[in-house]
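One structure is given here, and the rest of the page talks about it.
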Amino acid sequence: MPALTDGTSLPDIGFGTYPLCDEEATSAVLSALEAGYRLIDSAVNYRNEDAVGRAIARTDVPRDEIIVATKIPGRDHGFDSTLASFDRSTDALGLEHIDLYLIHWPNPRVDQYVDTWRAMVRLQEEGRVGSIGVSNFTPEYLTRVADATGVMPALNQVELHPFFPQVVLRAFHAQHGIVTEAWSPLGRAAPVKESAPVAGAAATHGVTAAQVILRWHQQIGSLPIPKSGDPDRQRENLDLGGFTLTDDEVAAMTALGRPDGRLFGGDPETHEEM
């Protein structure tokens with residue numbers, strides 16, 4: 001289980017909820033919890049915090065076994081705005097405490113992510129947040145918030161899959177004790193599943209291409225958060241313990257990385273998330 005620098009342990013895999021909304025999101029989270037997922041990822045801009053909260057309220061899984069994550073949107077950057085945004089998120093989720101709170105994007109043109117981070121450090125000090133981290137941050141932004149506050153983000157959620165393996169960023173994370181969490185872990189519409197290394201490993205181990213990719217994430221030290229509204233697929237994505245990829249298989253998948261790997265994400269330098 002990945003261990004955060006604040007002492008918190010996370011599961012090897014989480015459940016993503018984007019773009020699920022309303023009752024579809026509630027049903028998906030309920031079935032994911034039933035299948036065994038214990039890390040549920042949400043965000044203000046996914047517009048599903050209320051739906052996720054309803055699932056948490058309805059499930060038989062004890063609250064203290066569930067790690068609920070959400071993210072502050074760009075429009076709420078700034079110290080006071082962050083505190084107000086946090087209150088709105090807890091209200092939407094129906095929770096007094098958020099287990100993992102992230103900055104969704106750095107929005108460097110606005111340049112308020114350091115003040116946002118200061119507010120998140122305050123929330124953690126007050127015990128209202130368990131762990132704090134970021135999403136889509138580069139080493140430059142990670143270093144800046146750490147230098148300004150003395151607190152390095154415990155986790156950075158980034159686009160990561162075999163076509164975009166984030167080798168340099170993962171090395172930085174490892175050096176500074178930052179857990180790497182992967183959004184779009186299967187590459188979304190990118191033909192990662194059809195690539196020769198993935199298809200070959202799937203045939204060798206008698207598993208699906210998705211299982212191979214998710215296992216690759218775990219073996220390179222990435223925490224994937226796949227999304228699926230289908231209970232069978234949810235269970236399949238969670239069933240990764242029966243096989244291990246060889247070093248050569250892992251290396252062949254990582255070598256798929258290419259300049260156009262970031263096909264569906266955003267560049268933190270230019271993307272502004274509202």
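In the structure tokens, chains take letters A, B, ... by order of appearance, with residues numbered from 1 within each chain and ligands from 1 in the order shown.
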Would you mind listing, for every residue of stretch 51-98 of chain A within 12 Å of stretch 133-148 of chain A, the two atoms forming the shortest contact and the distance between them in Å to one decimal, using only C-alpha atoms, sorted by chain and ascending residue number, as a Markdown table?
```
| residue | atom | partner | partner_atom | distance |
| --- | --- | --- | --- | --- |
| A:Ala69 | CA | A:Gly133 | CA | 10.0 |
| A:Thr70 | CA | A:Gly133 | CA | 10.3 |
| A:Lys71 | CA | A:Val134 | CA | 8.2 |
| A:Ile72 | CA | A:Val134 | CA | 9.4 |
| A:Pro73 | CA | A:Ser135 | CA | 10.7 |
| A:Gly74 | CA | A:Ser135 | CA | 11.5 |
```
Within 9 Å of stretch 36-46 of chain A using only C-alpha atoms, minus same-chain residues under 6 positions, as a VMD selection string: chain A and resid 10 to 11 13 to 21 29 52 61 65 to 73 85 89 100 102 104 225 234 to 235 238 273 to 274
Shell around stretch 216-221 of chain A at 10 Å using only C-alpha atoms, local window under 6 positions removed, as a PyMOL selection string: chain A and resi 1-2+12-13+160-162+165+167+170+174+179-182+185-186+198+210+240+244-247+249-251+253-254
Restrict the selected residues to C-alpha atoms and save them as a JSON list (two decimals), in the first residue's frame.
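Heads up, here's the output in selection.json:
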```
[["chain", "number", "residue", "atom", "x", "y", "z"],
["A", 1, "MET", "CA", 0.00, 0.00, 0.00],
["A", 2, "PRO", "CA", 1.44, 3.45, -0.91],
["A", 12, "ASP", "CA", -2.93, 0.21, -4.43],
["A", 13, "ILE", "CA", -5.84, 1.25, -6.64],
["A", 160, "LEU", "CA", -0.11, 8.73, -16.64],
["A", 161, "HIS", "CA", -0.32, 5.65, -18.85],
["A", 162, "PRO", "CA", 2.12, 3.66, -21.03],
["A", 165, "PRO", "CA", 4.79, 7.26, -18.52],
["A", 167, "VAL", "CA", 9.45, 9.06, -16.18],
["A", 170, "ARG", "CA", 7.96, 10.05, -11.24],
["A", 174, "ALA", "CA", 10.34, 9.33, -5.62],
["A", 179, "VAL", "CA", 2.94, 9.45, -4.14],
["A", 180, "THR", "CA", 2.14, 9.37, -7.86],
["A", 181, "GLU", "CA", -1.57, 8.92, -8.59],
["A", 182, "ALA", "CA", -2.68, 8.36, -12.17],
["A", 185, "PRO", "CA", -4.56, 5.28, -16.28],
["A", 186, "LEU", "CA", -5.76, 3.28, -19.29],
["A", 198, "VAL", "CA", 0.11, -4.87, -23.65],
["A", 210, "ALA", "CA", -6.85, -3.30, -18.84],
["A", 240, "LEU", "CA", -4.78, -7.73, -10.09],
["A", 244, "THR", "CA", 3.09, -10.28, -11.98],
["A", 245, "LEU", "CA", 4.58, -8.66, -15.06],
["A", 246, "THR", "CA", 8.20, -9.44, -15.81],
["A", 247, "ASP", "CA", 10.78, -6.66, -15.79],
["A", 249, "GLU", "CA", 7.20, -6.58, -19.92],
["A", 250, "VAL", "CA", 7.18, -3.50, -17.69],
["A", 251, "ALA", "CA", 10.07, -1.97, -19.63],
["A", 253, "MET", "CA", 5.23, -0.92, -21.87],
["A", 254, "THR", "CA", 7.12, 2.06, -20.47]]
```
All helix (DSSP H, G or I) positions in stretch 16-208 of chain A, as a PyMOL selection string: chain A and resi 22-35+44-46+49-58+63-65+74-76+79-93+113-125+139-149+167-176+196-205
Residue with smallest distance to A:Pro153 - pool A:His176, A:Arg122, A:Arg88, A:Arg75, counting only C-alpha atoms: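 Counting only C-alpha atoms, the residue closest to A:Pro153 is A:His176.
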10 Å contact set for A:Asp76, only C-alpha atoms, chain neighbours under 2 positions out, as a count of residues only: 17
Residue with smallest distance to A:Val121 - pool A:Ser27, A:Thr59, A:Thr149, A:Thr208, counting only C-alpha atoms: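 Looking at the shortest contact to A:Val121, the residue is A:Thr149.
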Close residues, A:Leu95 itself excluded, 10 Å, only C-alpha atoms, min 5 positions apart in chain, as a PyMOL selection string: chain A and resi 53+56-57+63+68+87+89-90
Contacts of A:Ala203 within 12 Å, only C-alpha atoms, excl. fewer than 5 positions in-chain, as a ChimeraX atom specification: /A:193-194,196-198,208-209,211-212,245
Taking N, CA and C atoms for each residue, export the selection above as a CSV table (one decimal), in the first residue's frame.
```csv
chain,number,residue,atom,x,y,z
A,193,LYS,N,-4.4,-0.2,-25.1
A,193,LYS,CA,-4.7,-1.6,-25.0
A,193,LYS,C,-4.3,-2.5,-26.2
A,194,GLU,N,-4.3,-1.9,-27.4
A,194,GLU,CA,-4.0,-2.6,-28.6
A,194,GLU,C,-2.6,-2.7,-28.9
A,196,ALA,N,1.3,-3.8,-28.9
A,196,ALA,CA,1.9,-5.1,-28.9
A,196,ALA,C,2.4,-5.5,-27.5
A,197,PRO,N,3.1,-4.7,-26.7
A,197,PRO,CA,3.5,-5.1,-25.4
A,197,PRO,C,2.3,-5.4,-24.4
A,198,VAL,N,1.3,-4.6,-24.5
A,198,VAL,CA,0.1,-4.9,-23.7
A,198,VAL,C,-0.6,-6.1,-24.1
A,208,THR,N,-6.9,-9.5,-19.0
A,208,THR,CA,-7.3,-8.5,-19.9
A,208,THR,C,-6.2,-7.5,-20.1
A,209,ALA,N,-6.4,-6.7,-21.2
A,209,ALA,CA,-5.4,-5.6,-21.5
A,209,ALA,C,-5.5,-4.6,-20.4
A,211,GLN,N,-6.3,-5.0,-17.3
A,211,GLN,CA,-5.6,-5.6,-16.1
A,211,GLN,C,-4.1,-5.5,-16.2
A,212,VAL,N,-3.6,-5.7,-17.4
A,212,VAL,CA,-2.1,-5.6,-17.6
A,212,VAL,C,-1.7,-4.2,-17.4
A,245,LEU,N,3.9,-8.9,-13.8
A,245,LEU,CA,4.6,-8.7,-15.1
A,245,LEU,C,6.1,-8.8,-14.9
```
Backbone-only DSSP, strand (DSSP E) members of stretch 138-231 of chain A, as JSON, numbers by chain: {"A": [155, 156, 157, 158, 159, 179, 180, 181, 182, 183, 222, 223, 224]}
